[in-house]
2 protein chains.
Amino acid sequence: MSQTVLSSATKEVVIGFGRPFVMIGERINPTGRQLLAEEMKNGDFSRVEADALAQVSAGAQMLDVNAGIPLADEPALLAQAIQLVQSVTDVPISIDSSIIEALEAGLNVYQGKALVNSVTGEDEVMERVLPLVAKHGAGVVAISNDETGISEDPDVRFAVAKKIVDRAADHGIPKDDVVVDPLVMPIGAVGQAGQQAFRLIHRLREELQVNTTCGASNVSFGLPNRHVVTGTFLAMAVGAGMTSAIMNPLHAEVLSAVKAADVLAGTDVNCAAWIAANRDPNAAEGARGGREGRRRRRPQ
Amino acid sequence: MSQTVLSSATKEVVIGFGRPFVMIGERINPTGRQLLAEEMKNGDFSRVEADALAQVSAGAQMLDVNAGIPLADEPALLAQAIQLVQSVTDVPISIDSSIIEALEAGLNVYQGKALVNSVTGEDEVMERVLPLVAKHGAGVVAISNDETGISEDPDVRFAVAKKIVDRAADHGIPKDDVVVDPLVMPIGAVGQAGQQAFRLIHRLREELQVNTTCGASNVSFGLPNRHVVTGTFLAMAVGAGMTSAIMNPLHAEVLSAVKAADVLAGTDVNCAAWIAANRDPNAAEGARGGREGRRRRRPQ
């Protein structure tokens, strides 16, 4: 029963087996968002603030914050964005950068226990990121690729994930604080991407017993009606055992699939969250759990 | 690799591992549809015809036909409905009744290889239904309950399913022609209903190696926004290994979840069906499988 406890100054969030799925809002990321990149570079963080508030309002329990802008001072921008987000919301943050100095700058200003996003299985990266994670007592996202690249074989990715978990332990980071990202490829380019991910997520949960996360939007890249594909992927991933994702809760199809998956996985106890979110006297059909509900195949 | 081959006079449909999910339209069923029941009882089958055409048009690869109306001549009505449906569509039919005489009347007029819905694990039911299935060379839906009722323990249900498969073999019915229904309860009444179903579906596929189906709508009975719950359930069931369902393809949320699940399970090769169904030059975002598609967590 892995439990990854993360916090802001005032609020704790637990990613864990048997708990509601944790949605980590993906929006604060200038990759592919030219306007946001320009604004952040010029010191205008108004859109960062708006994105933070909108995602938390939609139900994000955590926020990913990324300031990866070419030719910009990423460490300074990331620290500034984190401070701003922590001043307007109380959710824990996933500090997202591939640059060690930016991760360090972010951790230095962060209040609470952050999730560091990310470390890979490359020796050099592990030896730079893991000591920083240990020093700050943070959690860390472990991406299952290494010097040899991203294997299409889920068993190889499993071995890479295990290597990172073992190396983290050498640095004093408990397995509970490592959240593995199985690396989900676009299904339009890699037809087996879904099955690979589900198989790996299942093994990570059953054998390695770690929490998992992924960048969910990528799976539907290039496809029409993509938010339905992303939402359906997330539901199937929940079924396979995934416990969190970096995703966009502002898309209705994605949000509703995750919340329905919580119902079906039994982590939305008595369907209370679902009923509260969808309460509408005209939408409910029949009473809950009545005699008719036990009839088989009552047509809708 | 179980393959259940069913047919009409002119068309074959295969329920099988590694194939697109088979949607069996549930609408032609007077249970809970008073108007349809009245019409059928009075010999008016216009709604049956309309329901058949609409479901096939929406993508149903098979149709379930039920004529269970209190105080009516069910065998005659079922035979009449089947003949009508076979005259206006070419999809194979699931002949649905709990009355042996109705199943027999349906099979006697049916052209092709039908799916008989259903047999339970009760000795008396098996000894009446299985010889009929064998005589007509039909397939059969095996419901995993018996004289002791519906167990909440998926392992007990697995044992019942295995008993039916073994008994069917005694009657000369191959395992490939038995499609097991794990019996999905309403999640609003039984909080573990989803997990029970997914676990059982997984075991039925991996250990017993049989195809599976279920009456999908029942899972969301009594909940608001229920079609999203049903669709999400189906996607998660596909992830667990389910290969068909008796369901309503006319609900957009249900249909799109099943079709997206085919994409993610890798049975919609090259996402061809998804792209064809959702083609809209304004809806596609970016080109398929381009360089950007491999970027991790590109925000939507």
# chains A, B, ... in the order shown; residues from 1 in each chain; ligands from 1
$ residues_around --residues "Ile143 in chain B" --least-positions-apart "6" --cutoff "12 Å" --atoms "only C-alpha atoms" --output "NGL selection string"
(:A and (296)) or (:B and (98 or 116-122 or 125-126 or 149-151 or 157-165 or 178-184 or 212-215))
$ write_last_selection --atoms "N, CA, C and O atoms" --output "CSV table (one decimal), in the first residue's frame"
chain,number,residue,atom,x,y,z
A,296,ARG,N,-31.4,-7.3,-14.4
A,296,ARG,CA,-30.3,-7.4,-15.3
A,296,ARG,C,-30.7,-6.7,-16.7
A,296,ARG,O,-31.8,-6.9,-17.1
B,98,SER,N,-35.7,-15.9,-20.6
B,98,SER,CA,-35.5,-16.9,-19.5
B,98,SER,C,-36.5,-18.1,-19.6
B,98,SER,O,-36.5,-19.0,-18.8
B,116,VAL,N,-27.5,-17.6,-27.8
B,116,VAL,CA,-28.6,-17.9,-26.9
B,116,VAL,C,-28.3,-17.2,-25.6
B,116,VAL,O,-27.3,-17.4,-24.9
B,117,ASN,N,-29.2,-16.3,-25.1
B,117,ASN,CA,-29.1,-15.5,-23.9
B,117,ASN,C,-30.2,-15.8,-23.0
B,117,ASN,O,-31.3,-15.2,-23.1
B,118,SER,N,-30.0,-16.7,-22.0
B,118,SER,CA,-28.8,-17.2,-21.5
B,118,SER,C,-29.0,-18.5,-20.8
B,118,SER,O,-30.1,-19.0,-20.6
B,119,VAL,N,-27.9,-19.0,-20.3
B,119,VAL,CA,-27.9,-20.2,-19.4
B,119,VAL,C,-27.2,-19.8,-18.1
B,119,VAL,O,-26.3,-19.0,-18.1
B,120,THR,N,-27.7,-20.2,-16.9
B,120,THR,CA,-27.1,-20.0,-15.6
B,120,THR,C,-26.4,-21.2,-15.2
B,120,THR,O,-26.4,-22.2,-15.9
B,121,GLY,N,-25.8,-21.2,-14.0
B,121,GLY,CA,-25.1,-22.4,-13.5
B,121,GLY,C,-26.0,-23.3,-12.7
B,121,GLY,O,-25.6,-24.2,-12.0
B,122,GLU,N,-27.3,-23.0,-12.7
B,122,GLU,CA,-28.3,-23.9,-12.1
B,122,GLU,C,-28.4,-25.2,-12.8
B,122,GLU,O,-28.6,-25.1,-14.1
B,125,VAL,N,-31.5,-25.5,-15.2
B,125,VAL,CA,-31.4,-24.6,-16.3
B,125,VAL,C,-30.4,-25.1,-17.4
B,125,VAL,O,-30.7,-25.2,-18.6
B,126,MET,N,-29.2,-25.6,-16.9
B,126,MET,CA,-28.2,-26.1,-17.8
B,126,MET,C,-28.8,-27.3,-18.6
B,126,MET,O,-28.6,-27.4,-19.8
B,149,GLY,N,-27.4,-18.4,-5.7
B,149,GLY,CA,-27.6,-16.9,-5.9
B,149,GLY,C,-26.4,-16.3,-6.6
B,149,GLY,O,-25.7,-17.0,-7.3
B,150,ILE,N,-26.3,-15.0,-6.4
B,150,ILE,CA,-25.2,-14.3,-7.1
B,150,ILE,C,-24.2,-14.0,-6.0
B,150,ILE,O,-24.4,-13.2,-5.1
B,151,SER,N,-23.0,-14.6,-6.0
B,151,SER,CA,-22.0,-14.4,-5.0
B,151,SER,C,-21.4,-13.0,-5.2
B,151,SER,O,-21.2,-12.6,-6.3
B,157,ARG,N,-17.8,-16.8,-8.4
B,157,ARG,CA,-18.4,-16.6,-9.7
B,157,ARG,C,-17.6,-17.2,-10.8
B,157,ARG,O,-18.1,-17.8,-11.8
B,158,PHE,N,-16.3,-17.1,-10.6
B,158,PHE,CA,-15.4,-17.8,-11.6
B,158,PHE,C,-15.6,-19.3,-11.6
B,158,PHE,O,-15.7,-19.9,-12.7
B,159,ALA,N,-15.8,-19.9,-10.4
B,159,ALA,CA,-16.0,-21.3,-10.3
B,159,ALA,C,-17.3,-21.7,-11.0
B,159,ALA,O,-17.4,-22.7,-11.7
B,160,VAL,N,-18.4,-20.9,-10.9
B,160,VAL,CA,-19.7,-21.1,-11.5
B,160,VAL,C,-19.5,-21.1,-13.0
B,160,VAL,O,-20.0,-21.9,-13.8
B,161,ALA,N,-18.8,-20.1,-13.5
B,161,ALA,CA,-18.5,-20.0,-14.9
B,161,ALA,C,-17.8,-21.2,-15.5
B,161,ALA,O,-18.2,-21.7,-16.5
B,162,LYS,N,-16.8,-21.7,-14.7
B,162,LYS,CA,-16.1,-22.8,-15.1
B,162,LYS,C,-17.0,-24.1,-15.2
B,162,LYS,O,-16.9,-24.9,-16.1
B,163,LYS,N,-17.9,-24.2,-14.2
B,163,LYS,CA,-18.8,-25.3,-14.2
B,163,LYS,C,-19.7,-25.3,-15.4
B,163,LYS,O,-19.9,-26.3,-16.1
B,164,ILE,N,-20.1,-24.1,-15.8
B,164,ILE,CA,-21.0,-24.0,-17.0
B,164,ILE,C,-20.2,-24.4,-18.3
B,164,ILE,O,-20.7,-25.2,-19.1
B,165,VAL,N,-19.0,-23.9,-18.4
B,165,VAL,CA,-18.1,-24.2,-19.5
B,165,VAL,C,-17.9,-25.7,-19.6
B,165,VAL,O,-18.0,-26.3,-20.7
B,178,VAL,N,-19.0,-20.4,-25.8
B,178,VAL,CA,-19.6,-19.9,-24.5
B,178,VAL,C,-19.0,-18.5,-24.2
B,178,VAL,O,-17.8,-18.4,-24.1
B,179,VAL,N,-19.9,-17.6,-24.0
B,179,VAL,CA,-19.5,-16.2,-23.7
B,179,VAL,C,-20.0,-16.0,-22.3
B,179,VAL,O,-21.2,-16.0,-22.0
B,180,VAL,N,-19.1,-15.7,-21.3
B,180,VAL,CA,-19.5,-15.6,-19.9
B,180,VAL,C,-19.9,-14.2,-19.6
B,180,VAL,O,-19.2,-13.2,-19.9
B,181,ASP,N,-21.0,-14.1,-18.8
B,181,ASP,CA,-21.4,-12.8,-18.3
B,181,ASP,C,-21.1,-12.8,-16.8
B,181,ASP,O,-21.7,-13.5,-16.0
B,182,PRO,N,-20.2,-11.9,-16.4
B,182,PRO,CA,-19.8,-11.8,-15.0
B,182,PRO,C,-20.9,-11.3,-14.1
B,182,PRO,O,-20.6,-11.3,-12.8
B,183,LEU,N,-22.0,-10.8,-14.6
B,183,LEU,CA,-23.0,-10.2,-13.8
B,183,LEU,C,-22.6,-8.9,-13.1
B,183,LEU,O,-22.1,-9.0,-11.9
B,184,VAL,N,-22.8,-7.8,-13.7
B,184,VAL,CA,-22.4,-6.5,-13.1
B,184,VAL,C,-23.5,-5.9,-12.3
B,184,VAL,O,-24.6,-5.7,-12.9
B,212,THR,N,-16.2,-12.7,-23.0
B,212,THR,CA,-17.1,-12.2,-21.9
B,212,THR,C,-18.0,-11.2,-22.5
B,212,THR,O,-17.7,-10.5,-23.5
B,213,THR,N,-19.2,-11.0,-21.8
B,213,THR,CA,-20.1,-10.0,-22.2
B,213,THR,C,-20.8,-9.6,-20.9
B,213,THR,O,-20.6,-10.2,-19.9
B,214,CYS,N,-21.6,-8.5,-20.9
B,214,CYS,CA,-22.5,-8.2,-19.8
B,214,CYS,C,-23.5,-7.2,-20.2
B,214,CYS,O,-23.4,-6.5,-21.2
B,215,GLY,N,-24.5,-7.1,-19.4
B,215,GLY,CA,-25.5,-6.0,-19.6
B,215,GLY,C,-24.9,-4.8,-18.9
B,215,GLY,O,-24.9,-4.6,-17.7
$ residues_around --residues "range 226-242 of chain A" --least-positions-apart "4" --cutoff "7 Å" --atoms "only C-alpha atoms" --output "list in words"
Phe198, Ile201, His202, Arg205, Asn211, Thr212, Thr213, Ala216, Ser217, Val219, Ser220, His251, Glu253, Val254, Ala257, Val258, Ala261 and Ala265 of chain A; Thr232, Ala235, Met236, Gly239, Ala257, Ala260, Ala261 and Leu264 of chain B
$ residues_around --residues "Asp96 in chain B" --least-positions-apart "4" --cutoff "12 Å" --atoms "only C-alpha atoms" --output "PDB file with N, CA, C and O atoms, in the first residue's frame"
ATOM      1  N   ARG A 296     -31.364  -7.322 -14.398  1.00  0.00           N
ATOM      2  CA  ARG A 296     -30.283  -7.419 -15.348  1.00  0.00           C
ATOM      3  C   ARG A 296     -30.688  -6.734 -16.657  1.00  0.00           C
ATOM      4  O   ARG A 296     -31.817  -6.878 -17.117  1.00  0.00           O
ATOM      5  N   ARG A 297     -29.769  -5.970 -17.202  1.00  0.00           N
ATOM      6  CA  ARG A 297     -29.954  -5.390 -18.532  1.00  0.00           C
ATOM      7  C   ARG A 297     -31.237  -4.620 -18.698  1.00  0.00           C
ATOM      8  O   ARG A 297     -31.923  -4.753 -19.704  1.00  0.00           O
TER       9      ARG A 297
ATOM     10  N   ILE B  24     -23.485  -5.289 -28.665  1.00  0.00           N
ATOM     11  CA  ILE B  24     -24.760  -5.970 -28.900  1.00  0.00           C
ATOM     12  C   ILE B  24     -25.859  -5.014 -28.428  1.00  0.00           C
ATOM     13  O   ILE B  24     -25.981  -4.749 -27.237  1.00  0.00           O
ATOM     14  N   GLY B  25     -26.611  -4.479 -29.364  1.00  0.00           N
ATOM     15  CA  GLY B  25     -27.624  -3.468 -29.025  1.00  0.00           C
ATOM     16  C   GLY B  25     -28.683  -4.019 -28.077  1.00  0.00           C
ATOM     17  O   GLY B  25     -29.235  -5.089 -28.323  1.00  0.00           O
ATOM     18  N   GLU B  26     -28.963  -3.273 -27.011  1.00  0.00           N
ATOM     19  CA  GLU B  26     -29.847  -3.760 -25.935  1.00  0.00           C
ATOM     20  C   GLU B  26     -31.299  -3.315 -26.055  1.00  0.00           C
ATOM     21  O   GLU B  26     -32.148  -3.724 -25.272  1.00  0.00           O
ATOM     22  N   ARG B  27     -31.595  -2.423 -27.021  1.00  0.00           N
ATOM     23  CA  ARG B  27     -32.861  -1.697 -26.971  1.00  0.00           C
ATOM     24  C   ARG B  27     -34.112  -2.543 -27.173  1.00  0.00           C
ATOM     25  O   ARG B  27     -35.180  -2.198 -26.647  1.00  0.00           O
ATOM     26  N   ILE B  28     -34.015  -3.613 -27.959  1.00  0.00           N
ATOM     27  CA  ILE B  28     -35.239  -4.369 -28.259  1.00  0.00           C
ATOM     28  C   ILE B  28     -35.549  -5.276 -27.072  1.00  0.00           C
ATOM     29  O   ILE B  28     -35.227  -6.468 -27.048  1.00  0.00           O
ATOM     30  N   ASN B  29     -36.132  -4.658 -26.050  1.00  0.00           N
ATOM     31  CA  ASN B  29     -36.390  -5.322 -24.777  1.00  0.00           C
ATOM     32  C   ASN B  29     -37.504  -4.560 -24.072  1.00  0.00           C
ATOM     33  O   ASN B  29     -37.316  -3.405 -23.678  1.00  0.00           O
ATOM     34  N   PRO B  30     -38.669  -5.194 -23.906  1.00  0.00           N
ATOM     35  CA  PRO B  30     -39.807  -4.468 -23.317  1.00  0.00           C
ATOM     36  C   PRO B  30     -39.704  -4.269 -21.805  1.00  0.00           C
ATOM     37  O   PRO B  30     -40.537  -3.558 -21.241  1.00  0.00           O
ATOM     38  N   THR B  31     -38.675  -4.846 -21.159  1.00  0.00           N
ATOM     39  CA  THR B  31     -38.530  -4.650 -19.713  1.00  0.00           C
ATOM     40  C   THR B  31     -38.345  -3.163 -19.428  1.00  0.00           C
ATOM     41  O   THR B  31     -37.395  -2.552 -19.916  1.00  0.00           O
ATOM     42  N   LEU B  63     -27.525  -7.579 -32.354  1.00  0.00           N
ATOM     43  CA  LEU B  63     -28.674  -7.056 -31.623  1.00  0.00           C
ATOM     44  C   LEU B  63     -29.203  -8.106 -30.662  1.00  0.00           C
ATOM     45  O   LEU B  63     -29.307  -9.284 -31.021  1.00  0.00           O
ATOM     46  N   ASP B  64     -29.518  -7.678 -29.447  1.00  0.00           N
ATOM     47  CA  ASP B  64     -30.213  -8.535 -28.498  1.00  0.00           C
ATOM     48  C   ASP B  64     -31.706  -8.350 -28.741  1.00  0.00           C
ATOM     49  O   ASP B  64     -32.178  -7.226 -28.926  1.00  0.00           O
ATOM     50  N   VAL B  65     -32.455  -9.452 -28.771  1.00  0.00           N
ATOM     51  CA  VAL B  65     -33.907  -9.360 -28.962  1.00  0.00           C
ATOM     52  C   VAL B  65     -34.591 -10.109 -27.820  1.00  0.00           C
ATOM     53  O   VAL B  65     -34.344 -11.291 -27.600  1.00  0.00           O
ATOM     54  N   ASN B  66     -35.432  -9.380 -27.088  1.00  0.00           N
ATOM     55  CA  ASN B  66     -36.138  -9.902 -25.924  1.00  0.00           C
ATOM     56  C   ASN B  66     -37.616  -9.560 -26.087  1.00  0.00           C
ATOM     57  O   ASN B  66     -37.944  -8.465 -26.539  1.00  0.00           O
ATOM     58  N   ALA B  67     -38.488 -10.502 -25.743  1.00  0.00           N
ATOM     59  CA  ALA B  67     -39.939 -10.249 -25.845  1.00  0.00           C
ATOM     60  C   ALA B  67     -40.629 -10.637 -24.540  1.00  0.00           C
ATOM     61  O   ALA B  67     -41.758 -11.136 -24.541  1.00  0.00           O
ATOM     62  N   GLY B  68     -39.934 -10.407 -23.450  1.00  0.00           N
ATOM     63  CA  GLY B  68     -40.471 -10.804 -22.141  1.00  0.00           C
ATOM     64  C   GLY B  68     -41.547  -9.861 -21.637  1.00  0.00           C
ATOM     65  O   GLY B  68     -41.243  -8.894 -20.949  1.00  0.00           O
ATOM     66  N   GLU B  74     -44.946 -15.227 -25.129  1.00  0.00           N
ATOM     67  CA  GLU B  74     -43.554 -14.837 -25.393  1.00  0.00           C
ATOM     68  C   GLU B  74     -42.915 -15.629 -26.527  1.00  0.00           C
ATOM     69  O   GLU B  74     -42.232 -15.016 -27.367  1.00  0.00           O
ATOM     70  N   PRO B  75     -43.081 -16.949 -26.611  1.00  0.00           N
ATOM     71  CA  PRO B  75     -42.449 -17.660 -27.732  1.00  0.00           C
ATOM     72  C   PRO B  75     -42.875 -17.104 -29.094  1.00  0.00           C
ATOM     73  O   PRO B  75     -42.030 -16.874 -29.963  1.00  0.00           O
ATOM     74  N   LEU B  77     -44.152 -14.097 -29.807  1.00  0.00           N
ATOM     75  CA  LEU B  77     -43.673 -12.717 -29.989  1.00  0.00           C
ATOM     76  C   LEU B  77     -42.182 -12.683 -30.298  1.00  0.00           C
ATOM     77  O   LEU B  77     -41.725 -11.913 -31.143  1.00  0.00           O
ATOM     78  N   LEU B  78     -41.413 -13.514 -29.594  1.00  0.00           N
ATOM     79  CA  LEU B  78     -39.961 -13.523 -29.809  1.00  0.00           C
ATOM     80  C   LEU B  78     -39.636 -14.000 -31.229  1.00  0.00           C
ATOM     81  O   LEU B  78     -38.799 -13.401 -31.916  1.00  0.00           O
ATOM     82  N   ALA B  79     -40.332 -15.054 -31.665  1.00  0.00           N
ATOM     83  CA  ALA B  79     -40.088 -15.559 -33.021  1.00  0.00           C
ATOM     84  C   ALA B  79     -40.429 -14.481 -34.054  1.00  0.00           C
ATOM     85  O   ALA B  79     -39.675 -14.261 -35.014  1.00  0.00           O
ATOM     86  N   ALA B  81     -40.499 -11.182 -33.607  1.00  0.00           N
ATOM     87  CA  ALA B  81     -39.531 -10.078 -33.534  1.00  0.00           C
ATOM     88  C   ALA B  81     -38.230 -10.458 -34.240  1.00  0.00           C
ATOM     89  O   ALA B  81     -37.633  -9.648 -34.966  1.00  0.00           O
ATOM     90  N   ILE B  82     -37.801 -11.685 -34.042  1.00  0.00           N
ATOM     91  CA  ILE B  82     -36.541 -12.130 -34.667  1.00  0.00           C
ATOM     92  C   ILE B  82     -36.671 -12.137 -36.185  1.00  0.00           C
ATOM     93  O   ILE B  82     -35.778 -11.664 -36.905  1.00  0.00           O
ATOM     94  N   ILE B 100     -37.565 -21.355 -21.730  1.00  0.00           N
ATOM     95  CA  ILE B 100     -36.966 -22.284 -22.694  1.00  0.00           C
ATOM     96  C   ILE B 100     -37.776 -22.378 -23.987  1.00  0.00           C
ATOM     97  O   ILE B 100     -37.206 -22.448 -25.083  1.00  0.00           O
ATOM     98  N   GLU B 101     -39.100 -22.316 -23.867  1.00  0.00           N
ATOM     99  CA  GLU B 101     -39.947 -22.421 -25.061  1.00  0.00           C
ATOM    100  C   GLU B 101     -39.736 -21.218 -25.984  1.00  0.00           C
ATOM    101  O   GLU B 101     -39.847 -21.345 -27.211  1.00  0.00           O
ATOM    102  N   ALA B 102     -39.460 -20.061 -25.381  1.00  0.00           N
ATOM    103  CA  ALA B 102     -39.218 -18.866 -26.199  1.00  0.00           C
ATOM    104  C   ALA B 102     -37.875 -18.989 -26.917  1.00  0.00           C
ATOM    105  O   ALA B 102     -37.753 -18.664 -28.100  1.00  0.00           O
ATOM    106  N   LEU B 103     -36.859 -19.458 -26.203  1.00  0.00           N
ATOM    107  CA  LEU B 103     -35.557 -19.657 -26.846  1.00  0.00           C
ATOM    108  C   LEU B 103     -35.697 -20.631 -28.018  1.00  0.00           C
ATOM    109  O   LEU B 103     -35.145 -20.420 -29.104  1.00  0.00           O
ATOM    110  N   GLU B 104     -36.469 -21.695 -27.782  1.00  0.00           N
ATOM    111  CA  GLU B 104     -36.649 -22.711 -28.816  1.00  0.00           C
ATOM    112  C   GLU B 104     -37.381 -22.135 -30.030  1.00  0.00           C
ATOM    113  O   GLU B 104     -36.975 -22.355 -31.180  1.00  0.00           O
ATOM    114  N   ALA B 105     -38.438 -21.364 -29.768  1.00  0.00           N
ATOM    115  CA  ALA B 105     -39.190 -20.752 -30.869  1.00  0.00           C
ATOM    116  C   ALA B 105     -38.298 -19.791 -31.649  1.00  0.00           C
ATOM    117  O   ALA B 105     -38.349 -19.736 -32.884  1.00  0.00           O
ATOM    118  N   GLY B 106     -37.466 -19.059 -30.927  1.00  0.00           N
ATOM    119  CA  GLY B 106     -36.556 -18.127 -31.587  1.00  0.00           C
ATOM    120  C   GLY B 106     -35.539 -18.858 -32.443  1.00  0.00           C
ATOM    121  O   GLY B 106     -35.294 -18.490 -33.600  1.00  0.00           O
ATOM    122  N   LEU B 107     -34.953 -19.908 -31.889  1.00  0.00           N
ATOM    123  CA  LEU B 107     -33.947 -20.667 -32.632  1.00  0.00           C
ATOM    124  C   LEU B 107     -34.555 -21.333 -33.863  1.00  0.00           C
ATOM    125  O   LEU B 107     -33.895 -21.442 -34.904  1.00  0.00           O
ATOM    126  N   ALA B 114     -26.977 -18.220 -33.958  1.00  0.00           N
ATOM    127  CA  ALA B 114     -27.388 -17.216 -32.973  1.00  0.00           C
ATOM    128  C   ALA B 114     -26.602 -17.354 -31.673  1.00  0.00           C
ATOM    129  O   ALA B 114     -25.916 -18.360 -31.434  1.00  0.00           O
ATOM    130  N   LEU B 115     -26.721 -16.322 -30.840  1.00  0.00           N
ATOM    131  CA  LEU B 115     -26.216 -16.388 -29.470  1.00  0.00           C
ATOM    132  C   LEU B 115     -27.433 -16.554 -28.571  1.00  0.00           C
ATOM    133  O   LEU B 115     -28.351 -15.716 -28.613  1.00  0.00           O
ATOM    134  N   VAL B 116     -27.468 -17.640 -27.789  1.00  0.00           N
ATOM    135  CA  VAL B 116     -28.605 -17.875 -26.896  1.00  0.00           C
ATOM    136  C   VAL B 116     -28.316 -17.185 -25.565  1.00  0.00           C
ATOM    137  O   VAL B 116     -27.290 -17.433 -24.924  1.00  0.00           O
ATOM    138  N   ASN B 117     -29.247 -16.317 -25.140  1.00  0.00           N
ATOM    139  CA  ASN B 117     -29.055 -15.504 -23.938  1.00  0.00           C
ATOM    140  C   ASN B 117     -30.194 -15.793 -22.971  1.00  0.00           C
ATOM    141  O   ASN B 117     -31.264 -15.242 -23.117  1.00  0.00           O
ATOM    142  N   SER B 118     -30.025 -16.699 -22.019  1.00  0.00           N
ATOM    143  CA  SER B 118     -28.775 -17.185 -21.485  1.00  0.00           C
ATOM    144  C   SER B 118     -28.985 -18.495 -20.753  1.00  0.00           C
ATOM    145  O   SER B 118     -30.105 -18.951 -20.594  1.00  0.00           O
ATOM    146  N   VAL B 119     -27.868 -19.040 -20.267  1.00  0.00           N
ATOM    147  CA  VAL B 119     -27.917 -20.185 -19.355  1.00  0.00           C
ATOM    148  C   VAL B 119     -27.247 -19.756 -18.050  1.00  0.00           C
ATOM    149  O   VAL B 119     -26.313 -18.956 -18.070  1.00  0.00           O
ATOM    150  N   VAL B 140     -23.704 -19.451 -26.663  1.00  0.00           N
ATOM    151  CA  VAL B 140     -24.547 -19.245 -25.484  1.00  0.00           C
ATOM    152  C   VAL B 140     -23.881 -18.301 -24.486  1.00  0.00           C
ATOM    153  O   VAL B 140     -22.664 -18.342 -24.295  1.00  0.00           O
ATOM    154  N   VAL B 141     -24.686 -17.431 -23.885  1.00  0.00           N
ATOM    155  CA  VAL B 141     -24.218 -16.562 -22.807  1.00  0.00           C
ATOM    156  C   VAL B 141     -24.368 -17.320 -21.488  1.00  0.00           C
ATOM    157  O   VAL B 141     -25.471 -17.785 -21.163  1.00  0.00           O
ATOM    158  N   GLY B 215     -24.532  -7.069 -19.370  1.00  0.00           N
ATOM    159  CA  GLY B 215     -25.513  -6.011 -19.551  1.00  0.00           C
ATOM    160  C   GLY B 215     -24.938  -4.764 -18.921  1.00  0.00           C
ATOM    161  O   GLY B 215     -24.893  -4.628 -17.704  1.00  0.00           O
ATOM    162  N   ILE B 246     -23.782  -6.145 -23.954  1.00  0.00           N
ATOM    163  CA  ILE B 246     -25.145  -5.816 -24.350  1.00  0.00           C
ATOM    164  C   ILE B 246     -25.374  -4.406 -23.818  1.00  0.00           C
ATOM    165  O   ILE B 246     -25.343  -4.183 -22.603  1.00  0.00           O
TER     166      ILE B 246
END
$ select_by_dssp --residues "range 215-266 of chain B" --states "alpha helix (DSSP H)" --output "ChimeraX atom specification"
/B:226-240,252-265
$ closest_residue --among "B:Gly222, B:Gly172, B:Pro249, B:Gly139" --to "chain A" --atoms "only C-alpha atoms"
B:Gly222
$ select_by_dssp --residues "range 102-292 of chain A" --states "strand (DSSP E or B)" --output "list in words"
Leu115, Val116, Asn117, Ser118, Val119, Gly139, Val140, Val141, Ala142, Ile143, Asp146, Gly149, Val178, Val179, Val180, Asp181, Asn211, Thr212, Gly215, Ser244, Ala245, Ile246 and Met247 of chain A
$ residues_around --residues "range 10-23 of chain B" --least-positions-apart "4" --cutoff "7 Å" --atoms "only C-alpha atoms" --output "number ranges by chain"
B: 1-6, 60-62, 90-91, 211, 243-247, 262, 267-268
$ closest_residue --among "A:Gly194, A:Pro224, A:Gly112, A:Gly43" --to "Ala9 in chain A" --atoms "only C-alpha atoms"
A:Gly112
$ residues_around --residues "range 84-89 of chain A" --least-positions-apart "5" --cutoff "7 Å" --atoms "only C-alpha atoms" --output "ChimeraX atom specification"
/A:49,52-53
$ write_last_selection --atoms "all heavy atoms" --output "compact mmCIF listing (two decimals), in the first residue's frame"
# COMPACT_ATOMS: atom_id res chain seq x y z
N GLU A 49 -1.22 32.72 -12.87
CA GLU A 49 -2.18 32.82 -11.77
C GLU A 49 -3.56 32.33 -12.18
O GLU A 49 -4.20 31.54 -11.48
CB GLU A 49 -2.26 34.27 -11.28
CG GLU A 49 -3.24 34.45 -10.14
CD GLU A 49 -3.18 35.86 -9.53
OE1 GLU A 49 -2.15 36.55 -9.70
OE2 GLU A 49 -4.16 36.25 -8.88
N ALA A 52 -3.60 28.59 -12.59
CA ALA A 52 -3.56 27.92 -11.29
C ALA A 52 -4.96 27.89 -10.68
O ALA A 52 -5.46 26.82 -10.26
CB ALA A 52 -2.59 28.63 -10.35
N LEU A 53 -5.62 29.03 -10.65
CA LEU A 53 -6.94 29.12 -10.03
C LEU A 53 -7.97 28.28 -10.78
O LEU A 53 -8.79 27.59 -10.17
CB LEU A 53 -7.39 30.59 -9.98
CG LEU A 53 -6.53 31.48 -9.05
CD1 LEU A 53 -6.93 32.95 -9.21
CD2 LEU A 53 -6.69 31.03 -7.59
$ atom_distance --atom1 "CA of Asp153 in chain A" --atom2 "CA of Gln209 in chain A"
19.6 Å
$ atom_distance --atom1 "CA of Val269 in chain A" --atom2 "CA of Gly191 in chain B"
7.1 Å
$ atom_distance --atom1 "CA of Ser97 in chain A" --atom2 "CA of Val129 in chain A"
10.8 Å
$ closest_residue --among "B:Pro174, B:Gly32, B:Pro92, B:Pro154" --to "chain A" --atoms "only C-alpha atoms"
B:Gly32
